[in-house]
Amino acid sequence: MTNRIGKPNTATDMALHERLAGDSNRHFVMVAGAGSGKTTSLVKALAQIECTQGPSLRRKGQQVACITYTEVAVDEIRGDVGNDELFHISTIHSFLWTLIKPFQNNLQEWVSNRLQEKIAEEQEKIDKPRTREATKIRAAELIERYRRQLTEISSVKSFRYGTGSDYSNGVLGHSDILKIGPEFIAGHALMQAVLARRFPVIFVDESQDTDPAFVDSLVQVARAFPLGFCLGFFGDPVQKIYMQGAGSIPAEEGWETLEKPENFRCPKAVLRVINRIRAEDDRLEQTRGRRISVGDGDVSVEGSARVLILPADDLRHERLQEARRWLSDQDGDDGWLKEDDEEALRLLVLVHRMASTRLGFPNLYSALNDKSPEELSTGLIDGTAWVVRPLLSYILPLVLARHEGREFEIMRLLRKHCPRLQPDALAAVDTAGLLNGLREQLGGLVAMLEADSGMRIGDVMRLIRDSNLAALDERYIELINIYAESPETVPDPATDNAALRFMQCDVSELWGYRKYIEKMSPFSTQQGIKGAEFDKVIVVVDDQEGRTNTFSYGKYFGVTELSDTDYANIASGKDSVIDRTRRLFYVCCSRALSDLAVVVFTDDTARMRDVLLKREFFDPECVQVLD
C-alpha cells in the first residue's frame with residue numbers, strides 16, 4: 001500500500017469505513033468534487049476491507065472488484081494496493097469479459113442473434129424506397145457477409161476478447177463486450193448470484209462516466225442481494241463530460257449517499273470560482289483549499305483567478321501569446337510562457353484548430369471535427385475515436401519501438417494485438433517462418449509511416465488488414481473497402497464522409513496528432529484532463545473552435561441565443577448544452593494548483609465583460625478586456 005493510506009481520514013472516509021464494517025445494507029454512492037481525493041478515499045476503503053474482511057474473503061476464495069474507466073487509472077490503483085490478489089482491479093471491459101468468458105454457448109447464441117439483427121437492419125435500408133442505389137448495393141454486400149459469418153460461427157470453438165470484432169475467427173470487440181456483459185447480468189439470476197458470490201464487494205470508480213447499462217445491471221444485483229454484498233459508486237456528476245456516461249446515480253432505498261466536500265488542490269481564489277460555478281448545479285460547496293507547509297504549520301494558498309477577454313478575429317494565436325505575455329508581466333512570472341514543462345502550465349482548449357495547424361495535423365482535425373458524427377468529434381478529443389484507436393494504441397507505438405530497437409516491446413505489442421500470434425493461430429504454423437514474415441511486414445509498415453513517404457492513412461490500414469497485423473472490426477473493414485474504391489480526394493466535409501476523409505489524410509499528420517494526444521505540447525483538450533492538475537492553467541474559450549452542438553460557452557454565459565431544441569431539453573429536464581458546458585467549465589477551472597486564467601475570444605468584448613460581471617464567477621477586478 002502507498003502513502004495515500006497514511007493520509008488523515010476525512011469525516012466522509014470515517015463514515016464510509018463504518019458502513020463497510022456493518023452487517024446490514026452496505027451499498028453506497030460517494031459524491032466527491034474535484035480535488036477532493038476521491039481516489040484516496042477509494043484506496044483507503046480497499047485497505048479498510050483488507051484489514052477487517054481480508055482473511056475471511058481469502059478463505060472463501062473471494063475477491064474485491066474495483067472497476068475504473070481507463071488502463072491508466074487501473075495502473076494507478078494497482079500501484080496503491082500492490083499485487084495483492086484479494087483485489088481485482090480492471091477496466092469495465094476486462095471485468096465483463098472475466099464474467100462472461102466461461103459462457104461460451106451463450107456467447108455463440110448472442111453473436112448469432114446479433115448477426116440476424118444486422119441483416120434485418122441492412123434489409124430495412126434496401127426496402128426503403130428513397131434509399132440511394134449505392135447504399136442498397138453496399139447493404140446487399142453486407143447482408144451477404146453477415147450470412148456467411150452465420151454459417152462460419154458454428155465452427156468457432158471458443159470466443160475471445162480482442163480490440164475489434166471478427167466473429168468468423170471468434171473475436172469479440174470492445175463494443176460487443178459492453179453490450180453482452182450487462183445483458184447477461186441483467187437477464188440471468190444465476191449470473192447475478194455468481195457475480196455476488198465471487199465479488200462480494202464491488203467498487204466502481206468514475207461512476208459518472210460509466211456506461212449506463214453496466215450501472216443498471218450492477219444496481220439490479222444490489223437489489224437482489226441487499227445483504228452480504230456491497231456495491232459502491234465513487235464519482236462526481238458535475239464532472240460528467242462524456243455524452244454516454246451514467247451521470248448522477250440515485251441512491252436506492254437503504255443505500256447511503258456520502259458527500260466529500262473537501263478540495264485539497266485549488267487555491268482559495270480558484271476555489272471561490274468553482275464553488276460559484278457548482279452552485280448552479282448540485283450546490284455542493286467545496287471547502288478547505290490547497291495548503292502548503294510553512295515552518296511548523298500549514299497556510300492556505302491564495303493564488304489567482306482571472307478572465308481575459310480578447311477579440312475573436314484571425315489573429316487568435318498571436319492574441320493568445322499576447323495574453324500569456326500580459327500575465328507574465330503582471331505577475332513577474334515567466335511560468336506563463338513555458339512550453340515544455342507539462343506540470344507547470346497547461347492551455348486547455350475545446351478542440352484547437354490553431355494547435356492542429358501548429359502541430360501538423362490540420363486535415364486530420366478537420367476530417368474528424370467538421371460536420372463529423374458525434375462519436376468521431378468527441379473521440380478526436382481524447383484519442384478514443386474508433387478510427388484512431390488502433391493507430392494510437394498499437395500501430396504507432398509498434399513503429400516507434402522498431403525505430404528505437406526495443407525488441408521486447410515489439411513482441412509485447414504483437415502478442416497482444418496481432419491475430420497471427422494468438423495461441424490458436426500458432427498451433428499449426430512454422431513459428432520461425434511466421435516471425436520472419438512479420439519482421440518483413442513490420443519493415444514495410446515502418447517505411448509507410450515515414451513523414452515523407454507520401455502515403456495516406458488508408459494505405460497503412462490496407463496493409464494492416466491484408467497482412468492480418470491487427471484484428472479490425474467490421475466497421476474498419478468496410479471503411480478500408482470504401483477507401484480502396486474512392487481514389488478521388490473528398491473535398492467537402494459531411495457527416496457520412498468523415499471517416500473516409502480521415503483515411504485520405506497524409507500519414508505524417510498522425511505523428512502531430514499523437515504529440516497532441518500524448519500531451520507533448522502545452523496544449524490539452526478540456527475534455528481530456530479530468531483528474532489532472534497543473535500549477536498554472538489557461539482555459540481558452542472559443543466556440544468557433546468547437547463547431548459542435550455538444551458545448552457552447554456563448555449559450556452558457558448568455559451571449560448566444562438558445563435553440564428550440566435547447567429550450568425543449570431544459571424544459572423537459574434533459575441534459576442540455578448549458579448543463580454540459582457548465583460541467584466542462586467546472587472541470588477545467590478546477591485543475592489549477594496556483595493560478596487560473598480564462599481567455600475568452602468573442603465578437604463583442606464589452607458585452608462579454610458585462611455578462612461575466614453579472615454572472616459573478618470572478619471578482620470584478622479580475623475581469624480584463626485586452627483589445
# chains A, B, ... in the order shown; residues from 1 in each chain; ligands from 1
>>> residues_around(residues="segment 444-461 of chain A", least_positions_apart="2", cutoff="9 Å", atoms="only C-alpha atoms", output="PyMOL selection string")
chain A and resi 391+395-396+398-400+402-403+439-442+463-466+476+479-480+483-484+500+502-511
>>> residues_around(residues="Lys555 of chain A", least_positions_apart="3", cutoff="12 Å", atoms="only C-alpha atoms", output="list in words")
Asp542, Asp543, Asn549, Thr550, Phe551, Ser552, Gly558, Val559, Thr560, Glu561, Leu562, Ser563, Asp566, Tyr567, Ser576, Val577, Ile578, Asp579, Arg580, Thr581, Arg582, Met608 and Val611 of chain A
>>> closest_residue(among="A:Arg4, A:Phe617, A:Thr151, A:Leu593", to="Arg291 of chain A", atoms="only C-alpha atoms")
A:Leu593
>>> residues_around(residues="Phe214 of chain A", least_positions_apart="2", cutoff="12 Å", atoms="only C-alpha atoms", output="VMD selection string")
chain A and resid 67 92 to 93 95 to 96 177 to 186 204 207 to 212 216 to 221 244 to 246
>>> closest_atom_pairs(of="segment 215-326 of chain A", to="segment 28-39 of chain A", cutoff="6 Å", atoms="only C-alpha atoms", output="JSON lines")
{"residue": "A:Gly232", "atom": "CA", "partner": "A:Phe28", "partner_atom": "CA", "distance": 4.9}
{"residue": "A:Phe233", "atom": "CA", "partner": "A:Val29", "partner_atom": "CA", "distance": 4.7}
{"residue": "A:Phe234", "atom": "CA", "partner": "A:Met30", "partner_atom": "CA", "distance": 4.9}
{"residue": "A:Gly235", "atom": "CA", "partner": "A:Val31", "partner_atom": "CA", "distance": 5.4}
{"residue": "A:Asp236", "atom": "CA", "partner": "A:Val31", "partner_atom": "CA", "distance": 5.1}
{"residue": "A:Trp255", "atom": "CA", "partner": "A:Phe28", "partner_atom": "CA", "distance": 5.2}
{"residue": "A:Glu256", "atom": "CA", "partner": "A:Phe28", "partner_atom": "CA", "distance": 4.7}
{"residue": "A:Thr257", "atom": "CA", "partner": "A:Val29", "partner_atom": "CA", "distance": 4.8}
{"residue": "A:Leu258", "atom": "CA", "partner": "A:Met30", "partner_atom": "CA", "distance": 4.6}
{"residue": "A:Glu259", "atom": "CA", "partner": "A:Val31", "partner_atom": "CA", "distance": 4.8}
{"residue": "A:Lys260", "atom": "CA", "partner": "A:Ala32", "partner_atom": "CA", "distance": 4.8}
{"residue": "A:Glu262", "atom": "CA", "partner": "A:Ser36", "partner_atom": "CA", "distance": 5.1}
{"residue": "A:Asn263", "atom": "CA", "partner": "A:Ser36", "partner_atom": "CA", "distance": 4.4}
{"residue": "A:Phe264", "atom": "CA", "partner": "A:Gly35", "partner_atom": "CA", "distance": 5.5}
{"residue": "A:Arg265", "atom": "CA", "partner": "A:Gly35", "partner_atom": "CA", "distance": 4.9}
>>> select_by_dssp(residues="segment 231-471 of chain A", states="helix (DSSP H, G or I)", output="ChimeraX atom specification")
/A:237-239,268-278,316-331,334-337,353-359,362-369,374-382,389-403,407-417,419-421,423-426,431-448,457-466
>>> closest_residue(among="A:Ser328, A:Gln624, A:Gln104, A:Ser175", to="Gly162 of chain A", atoms="only C-alpha atoms")
A:Ser175
>>> atom_distance(atom1="atom CA of Leu347 of chain A", atom2="atom CA of Asp595 of chain A")
12.2 Å
>>> closest_residue(among="A:Arg138, A:Arg198, A:Arg114, A:Arg389", to="Val64 of chain A", atoms="only C-alpha atoms")
A:Arg198
>>> select_by_dssp(residues="segment 326-425 of chain A", states="strand (DSSP E or B)", output="ChimeraX atom specification")
/A:345-349
>>> write_last_selection(atoms="C-alpha atoms", output="PDB file, in the first residue's frame")
ATOM      1  CA  LEU A 345       1.421  25.237 -17.471  1.00  0.00           C
ATOM      2  CA  ARG A 346      -1.438  23.804 -19.481  1.00  0.00           C
ATOM      3  CA  LEU A 347      -3.566  25.531 -22.107  1.00  0.00           C
ATOM      4  CA  LEU A 348      -6.991  23.899 -22.171  1.00  0.00           C
ATOM      5  CA  VAL A 349      -8.898  24.200 -25.424  1.00  0.00           C
TER       6      VAL A 349
END
>>> residues_around(residues="segment 365-370 of chain A", least_positions_apart="4", cutoff="6 Å", atoms="only C-alpha atoms", output="list in words")
Leu376, Ser377, Ala498, Arg501 and Phe502 of chain A
>>> write_last_selection(atoms="N, CA, C and O atoms", output="tab-separated table (two decimals), in the first residue's frame")
chain	number	residue	atom	x	y	z
A	376	LEU	N	-17.15	10.55	-33.51
A	376	LEU	CA	-15.82	10.86	-34.03
A	376	LEU	C	-15.32	12.19	-33.48
A	376	LEU	O	-14.15	12.30	-33.11
A	377	SER	N	-16.17	13.21	-33.45
A	377	SER	CA	-15.72	14.51	-32.95
A	377	SER	C	-15.38	14.43	-31.46
A	377	SER	O	-14.40	15.04	-31.01
A	498	ALA	N	-16.81	11.62	-43.01
A	498	ALA	CA	-15.75	11.99	-42.07
A	498	ALA	C	-14.67	10.91	-41.97
A	498	ALA	O	-13.47	11.21	-42.02
A	501	ARG	N	-12.58	10.80	-45.14
A	501	ARG	CA	-11.66	11.94	-45.20
A	501	ARG	C	-10.46	11.70	-44.29
A	501	ARG	O	-9.33	12.07	-44.61
A	502	PHE	N	-10.69	11.08	-43.14
A	502	PHE	CA	-9.59	10.72	-42.24
A	502	PHE	C	-8.64	9.76	-42.94
A	502	PHE	O	-7.41	9.93	-42.88
>>> atom_distance(atom1="atom CA of Ala189 of chain A", atom2="atom CA of Ala224 of chain A")
8.8 Å
>>> atom_distance(atom1="atom CA of Met14 of chain A", atom2="atom CA of Cys230 of chain A")
16.8 Å
>>> closest_residue(among="A:Asp535, A:Asp473, A:Glu621, A:Asp313", to="Phe601 of chain A", atoms="only C-alpha atoms")
A:Asp313
>>> closest_atom_pairs(of="segment 157-271 of chain A", to="segment 414-438 of chain A", cutoff="12 Å", atoms="only C-alpha atoms", output="tab-separated table")
residue	atom	partner	partner_atom	distance
A:Lys157	CA	A:Asp424	CA	10.0
A:Ser158	CA	A:Asp424	CA	9.9
A:Phe159	CA	A:Asp424	CA	10.9
A:Arg160	CA	A:Gln422	CA	10.1
A:Tyr161	CA	A:His417	CA	10.7
A:Gly162	CA	A:His417	CA	7.5
A:Thr163	CA	A:His417	CA	7.4
A:Gly164	CA	A:His417	CA	9.8
A:Ser165	CA	A:Pro419	CA	11.8
A:Asp166	CA	A:Pro419	CA	10.2
A:Asn169	CA	A:Pro419	CA	9.2
A:Gly170	CA	A:Asp424	CA	10.4
A:Val171	CA	A:Pro419	CA	9.4
A:Gly173	CA	A:His417	CA	11.9
>>> write_last_selection(atoms="all heavy atoms", output="mmCIF file, in the first residue's frame")
data_model
loop_
_atom_site.group_PDB
_atom_site.id
_atom_site.type_symbol
_atom_site.label_atom_id
_atom_site.label_comp_id
_atom_site.auth_asym_id
_atom_site.auth_seq_id
_atom_site.Cartn_x
_atom_site.Cartn_y
_atom_site.Cartn_z
ATOM 1 N N LYS A 157 -14.700 -22.675 -32.078
ATOM 2 C CA LYS A 157 -14.615 -23.481 -30.865
ATOM 3 C C LYS A 157 -14.803 -22.639 -29.604
ATOM 4 O O LYS A 157 -15.414 -23.083 -28.637
ATOM 5 C CB LYS A 157 -13.273 -24.209 -30.822
ATOM 6 C CG LYS A 157 -13.107 -25.238 -31.937
ATOM 7 C CD LYS A 157 -11.760 -25.938 -31.835
ATOM 8 C CE LYS A 157 -11.599 -26.974 -32.935
ATOM 9 N NZ LYS A 157 -10.277 -27.647 -32.864
ATOM 10 N N SER A 158 -14.263 -21.421 -29.616
ATOM 11 C CA SER A 158 -14.425 -20.544 -28.464
ATOM 12 C C SER A 158 -14.207 -19.104 -28.907
ATOM 13 O O SER A 158 -13.477 -18.844 -29.860
ATOM 14 C CB SER A 158 -13.440 -20.904 -27.346
ATOM 15 O OG SER A 158 -12.109 -20.685 -27.771
ATOM 16 N N PHE A 159 -14.846 -18.197 -28.193
ATOM 17 C CA PHE A 159 -14.698 -16.776 -28.484
ATOM 18 C C PHE A 159 -13.687 -16.164 -27.523
ATOM 19 O O PHE A 159 -13.572 -16.572 -26.369
ATOM 20 C CB PHE A 159 -16.047 -16.065 -28.355
ATOM 21 C CG PHE A 159 -16.991 -16.364 -29.484
ATOM 22 C CD1 PHE A 159 -17.873 -17.435 -29.390
ATOM 23 C CD2 PHE A 159 -16.996 -15.594 -30.627
ATOM 24 C CE1 PHE A 159 -18.744 -17.722 -30.422
ATOM 25 C CE2 PHE A 159 -17.864 -15.875 -31.675
ATOM 26 C CZ PHE A 159 -18.740 -16.947 -31.576
ATOM 27 N N ARG A 160 -12.964 -15.172 -28.034
ATOM 28 C CA ARG A 160 -12.003 -14.449 -27.211
ATOM 29 C C ARG A 160 -12.230 -12.951 -27.373
ATOM 30 O O ARG A 160 -12.927 -12.504 -28.278
ATOM 31 C CB ARG A 160 -10.565 -14.813 -27.584
ATOM 32 C CG ARG A 160 -10.151 -14.436 -28.999
ATOM 33 C CD ARG A 160 -8.715 -14.867 -29.278
ATOM 34 N NE ARG A 160 -8.216 -14.395 -30.569
ATOM 35 C CZ ARG A 160 -8.407 -15.017 -31.710
ATOM 36 N NH1 ARG A 160 -9.083 -16.155 -31.740
ATOM 37 N NH2 ARG A 160 -7.924 -14.517 -32.839
ATOM 38 N N TYR A 161 -11.622 -12.199 -26.493
ATOM 39 C CA TYR A 161 -11.810 -10.750 -26.443
ATOM 40 C C TYR A 161 -10.655 -10.070 -27.159
ATOM 41 O O TYR A 161 -9.486 -10.304 -26.842
ATOM 42 C CB TYR A 161 -11.893 -10.325 -24.976
ATOM 43 C CG TYR A 161 -11.883 -8.840 -24.706
ATOM 44 C CD1 TYR A 161 -12.480 -7.931 -25.576
ATOM 45 C CD2 TYR A 161 -11.288 -8.346 -23.549
ATOM 46 C CE1 TYR A 161 -12.483 -6.573 -25.306
ATOM 47 C CE2 TYR A 161 -11.296 -6.988 -23.267
ATOM 48 C CZ TYR A 161 -11.873 -6.112 -24.151
ATOM 49 O OH TYR A 161 -11.875 -4.777 -23.876
ATOM 50 N N GLY A 162 -10.970 -9.237 -28.147
ATOM 51 C CA GLY A 162 -9.955 -8.505 -28.890
ATOM 52 C C GLY A 162 -10.330 -7.044 -29.040
ATOM 53 O O GLY A 162 -11.360 -6.587 -28.550
ATOM 54 N N THR A 163 -9.500 -6.310 -29.759
ATOM 55 C CA THR A 163 -9.744 -4.884 -29.952
ATOM 56 C C THR A 163 -10.996 -4.651 -30.783
ATOM 57 O O THR A 163 -11.843 -3.819 -30.456
ATOM 58 C CB THR A 163 -8.537 -4.214 -30.625
ATOM 59 O OG1 THR A 163 -7.371 -4.476 -29.859
ATOM 60 C CG2 THR A 163 -8.750 -2.711 -30.739
ATOM 61 N N GLY A 164 -11.108 -5.381 -31.888
ATOM 62 C CA GLY A 164 -12.253 -5.222 -32.775
ATOM 63 C C GLY A 164 -12.931 -6.554 -33.034
ATOM 64 O O GLY A 164 -12.370 -7.624 -32.801
ATOM 65 N N SER A 165 -14.171 -6.493 -33.523
ATOM 66 C CA SER A 165 -14.949 -7.706 -33.760
ATOM 67 C C SER A 165 -14.456 -8.457 -35.000
ATOM 68 O O SER A 165 -14.143 -7.852 -36.019
ATOM 69 C CB SER A 165 -16.427 -7.350 -33.963
ATOM 70 O OG SER A 165 -16.925 -6.611 -32.875
ATOM 71 N N ASP A 166 -14.400 -9.764 -34.896
ATOM 72 C CA ASP A 166 -14.135 -10.648 -36.032
ATOM 73 C C ASP A 166 -14.813 -11.972 -35.698
ATOM 74 O O ASP A 166 -14.187 -12.934 -35.279
ATOM 75 C CB ASP A 166 -12.630 -10.834 -36.232
ATOM 76 C CG ASP A 166 -12.307 -11.681 -37.462
ATOM 77 O OD1 ASP A 166 -13.258 -12.115 -38.151
ATOM 78 O OD2 ASP A 166 -11.116 -11.897 -37.741
ATOM 79 N N ASN A 169 -13.686 -15.516 -36.785
ATOM 80 C CA ASN A 169 -12.500 -16.046 -36.116
ATOM 81 C C ASN A 169 -12.642 -16.028 -34.592
ATOM 82 O O ASN A 169 -11.656 -16.173 -33.865
ATOM 83 C CB ASN A 169 -11.263 -15.235 -36.529
ATOM 84 C CG ASN A 169 -10.868 -15.504 -37.971
ATOM 85 O OD1 ASN A 169 -10.677 -16.657 -38.363
ATOM 86 N ND2 ASN A 169 -10.778 -14.459 -38.766
ATOM 87 N N GLY A 170 -13.873 -15.858 -34.126
ATOM 88 C CA GLY A 170 -14.141 -15.953 -32.699
ATOM 89 C C GLY A 170 -13.648 -14.787 -31.873
ATOM 90 O O GLY A 170 -13.315 -14.969 -30.697
ATOM 91 N N VAL A 171 -13.615 -13.592 -32.459
ATOM 92 C CA VAL A 171 -13.137 -12.416 -31.734
ATOM 93 C C VAL A 171 -14.300 -11.473 -31.453
ATOM 94 O O VAL A 171 -15.025 -11.078 -32.373
ATOM 95 C CB VAL A 171 -12.046 -11.664 -32.532
ATOM 96 C CG1 VAL A 171 -11.569 -10.447 -31.740
ATOM 97 C CG2 VAL A 171 -10.886 -12.587 -32.840
ATOM 98 N N GLY A 173 -15.284 -7.710 -29.950
ATOM 99 C CA GLY A 173 -14.654 -6.415 -29.750
ATOM 100 C C GLY A 173 -15.142 -5.695 -28.512
ATOM 101 O O GLY A 173 -16.007 -6.173 -27.777
#
>>> closest_residue(among="A:Val273, A:Ile77, A:Leu195, A:Ala470", to="Phe618 of chain A", atoms="only C-alpha atoms")
A:Val273
>>> decode(residues="segment 408-419 of chain A", atoms="all heavy atoms", output="PDB file, in the first residue's frame")
ATOM      1  N   PHE A 408      11.721  -6.232 -27.173  1.00  0.00           N
ATOM      2  CA  PHE A 408      10.764  -6.787 -26.205  1.00  0.00           C
ATOM      3  C   PHE A 408       9.402  -6.111 -26.360  1.00  0.00           C
ATOM      4  O   PHE A 408       8.358  -6.764 -26.322  1.00  0.00           O
ATOM      5  CB  PHE A 408      11.295  -6.610 -24.777  1.00  0.00           C
ATOM      6  CG  PHE A 408      10.361  -7.146 -23.728  1.00  0.00           C
ATOM      7  CD1 PHE A 408      10.334  -8.502 -23.426  1.00  0.00           C
ATOM      8  CD2 PHE A 408       9.493  -6.296 -23.045  1.00  0.00           C
ATOM      9  CE1 PHE A 408       9.462  -9.000 -22.451  1.00  0.00           C
ATOM     10  CE2 PHE A 408       8.617  -6.783 -22.083  1.00  0.00           C
ATOM     11  CZ  PHE A 408       8.604  -8.148 -21.788  1.00  0.00           C
ATOM     12  N   GLU A 409       9.418  -4.782 -26.532  1.00  0.00           N
ATOM     13  CA  GLU A 409       8.165  -4.044 -26.683  1.00  0.00           C
ATOM     14  C   GLU A 409       7.465  -4.418 -27.991  1.00  0.00           C
ATOM     15  O   GLU A 409       6.230  -4.507 -28.049  1.00  0.00           O
ATOM     16  CB  GLU A 409       8.431  -2.537 -26.631  1.00  0.00           C
ATOM     17  CG  GLU A 409       7.216  -1.653 -26.840  1.00  0.00           C
ATOM     18  CD  GLU A 409       6.168  -1.781 -25.734  1.00  0.00           C
ATOM     19  OE1 GLU A 409       6.425  -2.488 -24.745  1.00  0.00           O
ATOM     20  OE2 GLU A 409       5.094  -1.170 -25.874  1.00  0.00           O
ATOM     21  N   ILE A 410       8.256  -4.650 -29.041  1.00  0.00           N
ATOM     22  CA  ILE A 410       7.672  -5.078 -30.326  1.00  0.00           C
ATOM     23  C   ILE A 410       6.906  -6.380 -30.146  1.00  0.00           C
ATOM     24  O   ILE A 410       5.756  -6.515 -30.572  1.00  0.00           O
ATOM     25  CB  ILE A 410       8.774  -5.243 -31.391  1.00  0.00           C
ATOM     26  CG1 ILE A 410       9.365  -3.880 -31.771  1.00  0.00           C
ATOM     27  CG2 ILE A 410       8.229  -5.941 -32.635  1.00  0.00           C
ATOM     28  CD1 ILE A 410      10.585  -3.968 -32.667  1.00  0.00           C
ATOM     29  N   MET A 411       7.529  -7.345 -29.478  1.00  0.00           N
ATOM     30  CA  MET A 411       6.878  -8.643 -29.297  1.00  0.00           C
ATOM     31  C   MET A 411       5.673  -8.526 -28.355  1.00  0.00           C
ATOM     32  O   MET A 411       4.659  -9.204 -28.551  1.00  0.00           O
ATOM     33  CB  MET A 411       7.872  -9.663 -28.749  1.00  0.00           C
ATOM     34  CG  MET A 411       8.908 -10.114 -29.770  1.00  0.00           C
ATOM     35  SD  MET A 411       8.138 -10.693 -31.323  1.00  0.00           S
ATOM     36  CE  MET A 411       7.101 -12.024 -30.741  1.00  0.00           C
ATOM     37  N   ARG A 412       5.770  -7.659 -27.350  1.00  0.00           N
ATOM     38  CA  ARG A 412       4.627  -7.483 -26.453  1.00  0.00           C
ATOM     39  C   ARG A 412       3.414  -6.952 -27.210  1.00  0.00           C
ATOM     40  O   ARG A 412       2.292  -7.448 -27.041  1.00  0.00           O
ATOM     41  CB  ARG A 412       4.989  -6.511 -25.329  1.00  0.00           C
ATOM     42  CG  ARG A 412       3.912  -6.396 -24.254  1.00  0.00           C
ATOM     43  CD  ARG A 412       4.178  -5.236 -23.304  1.00  0.00           C
ATOM     44  NE  ARG A 412       3.944  -3.951 -23.948  1.00  0.00           N
ATOM     45  CZ  ARG A 412       2.743  -3.406 -24.113  1.00  0.00           C
ATOM     46  NH1 ARG A 412       1.657  -4.035 -23.686  1.00  0.00           N
ATOM     47  NH2 ARG A 412       2.610  -2.233 -24.703  1.00  0.00           N
ATOM     48  N   LEU A 413       3.638  -5.959 -28.051  1.00  0.00           N
ATOM     49  CA  LEU A 413       2.543  -5.374 -28.820  1.00  0.00           C
ATOM     50  C   LEU A 413       1.981  -6.375 -29.829  1.00  0.00           C
ATOM     51  O   LEU A 413       0.754  -6.485 -29.998  1.00  0.00           O
ATOM     52  CB  LEU A 413       3.025  -4.115 -29.542  1.00  0.00           C
ATOM     53  CG  LEU A 413       3.285  -2.897 -28.646  1.00  0.00           C
ATOM     54  CD1 LEU A 413       4.084  -1.829 -29.383  1.00  0.00           C
ATOM     55  CD2 LEU A 413       1.974  -2.315 -28.139  1.00  0.00           C
ATOM     56  N   LEU A 414       2.858  -7.112 -30.488  1.00  0.00           N
ATOM     57  CA  LEU A 414       2.389  -8.095 -31.471  1.00  0.00           C
ATOM     58  C   LEU A 414       1.605  -9.217 -30.796  1.00  0.00           C
ATOM     59  O   LEU A 414       0.559  -9.644 -31.296  1.00  0.00           O
ATOM     60  CB  LEU A 414       3.575  -8.664 -32.248  1.00  0.00           C
ATOM     61  CG  LEU A 414       4.224  -7.736 -33.273  1.00  0.00           C
ATOM     62  CD1 LEU A 414       5.506  -8.353 -33.830  1.00  0.00           C
ATOM     63  CD2 LEU A 414       3.257  -7.414 -34.419  1.00  0.00           C
ATOM     64  N   ARG A 415       2.086  -9.697 -29.664  1.00  0.00           N
ATOM     65  CA  ARG A 415       1.368 -10.764 -28.957  1.00  0.00           C
ATOM     66  C   ARG A 415      -0.007 -10.304 -28.501  1.00  0.00           C
ATOM     67  O   ARG A 415      -0.961 -11.081 -28.470  1.00  0.00           O
ATOM     68  CB  ARG A 415       2.188 -11.248 -27.765  1.00  0.00           C
ATOM     69  CG  ARG A 415       3.383 -12.126 -28.143  1.00  0.00           C
ATOM     70  CD  ARG A 415       3.884 -12.900 -26.934  1.00  0.00           C
ATOM     71  NE  ARG A 415       5.008 -13.743 -27.276  1.00  0.00           N
ATOM     72  CZ  ARG A 415       6.276 -13.447 -27.026  1.00  0.00           C
ATOM     73  NH1 ARG A 415       6.565 -12.307 -26.414  1.00  0.00           N
ATOM     74  NH2 ARG A 415       7.250 -14.258 -27.372  1.00  0.00           N
ATOM     75  N   LYS A 416      -0.097  -9.041 -28.131  1.00  0.00           N
ATOM     76  CA  LYS A 416      -1.365  -8.523 -27.634  1.00  0.00           C
ATOM     77  C   LYS A 416      -2.365  -8.262 -28.757  1.00  0.00           C
ATOM     78  O   LYS A 416      -3.563  -8.509 -28.605  1.00  0.00           O
ATOM     79  CB  LYS A 416      -1.130  -7.231 -26.849  1.00  0.00           C
ATOM     80  CG  LYS A 416      -2.399  -6.638 -26.248  1.00  0.00           C
ATOM     81  CD  LYS A 416      -2.092  -5.409 -25.405  1.00  0.00           C
ATOM     82  CE  LYS A 416      -3.376  -4.832 -24.800  1.00  0.00           C
ATOM     83  NZ  LYS A 416      -3.100  -3.629 -23.974  1.00  0.00           N
ATOM     84  N   HIS A 417      -1.896  -7.777 -29.913  1.00  0.00           N
ATOM     85  CA  HIS A 417      -2.803  -7.279 -30.944  1.00  0.00           C
ATOM     86  C   HIS A 417      -2.830  -8.081 -32.239  1.00  0.00           C
ATOM     87  O   HIS A 417      -3.807  -7.989 -32.979  1.00  0.00           O
ATOM     88  CB  HIS A 417      -2.435  -5.832 -31.292  1.00  0.00           C
ATOM     89  CG  HIS A 417      -2.596  -4.860 -30.163  1.00  0.00           C
ATOM     90  ND1 HIS A 417      -3.816  -4.383 -29.750  1.00  0.00           N
ATOM     91  CD2 HIS A 417      -1.675  -4.276 -29.345  1.00  0.00           C
ATOM     92  CE1 HIS A 417      -3.657  -3.542 -28.755  1.00  0.00           C
ATOM     93  NE2 HIS A 417      -2.373  -3.458 -28.471  1.00  0.00           N
ATOM     94  N   CYS A 418      -1.786  -8.813 -32.544  1.00  0.00           N
ATOM     95  CA  CYS A 418      -1.715  -9.488 -33.841  1.00  0.00           C
ATOM     96  C   CYS A 418      -2.418 -10.841 -33.786  1.00  0.00           C
ATOM     97  O   CYS A 418      -2.010 -11.724 -33.017  1.00  0.00           O
ATOM     98  CB  CYS A 418      -0.261  -9.672 -34.261  1.00  0.00           C
ATOM     99  SG  CYS A 418      -0.085 -10.475 -35.876  1.00  0.00           S
ATOM    100  N   PRO A 419      -3.459 -11.066 -34.593  1.00  0.00           N
ATOM    101  CA  PRO A 419      -4.172 -12.353 -34.584  1.00  0.00           C
ATOM    102  C   PRO A 419      -3.279 -13.536 -34.916  1.00  0.00           C
ATOM    103  O   PRO A 419      -3.512 -14.656 -34.453  1.00  0.00           O
ATOM    104  CB  PRO A 419      -5.251 -12.161 -35.651  1.00  0.00           C
ATOM    105  CG  PRO A 419      -5.430 -10.683 -35.761  1.00  0.00           C
ATOM    106  CD  PRO A 419      -4.071 -10.095 -35.519  1.00  0.00           C
TER     107      PRO A 419
END
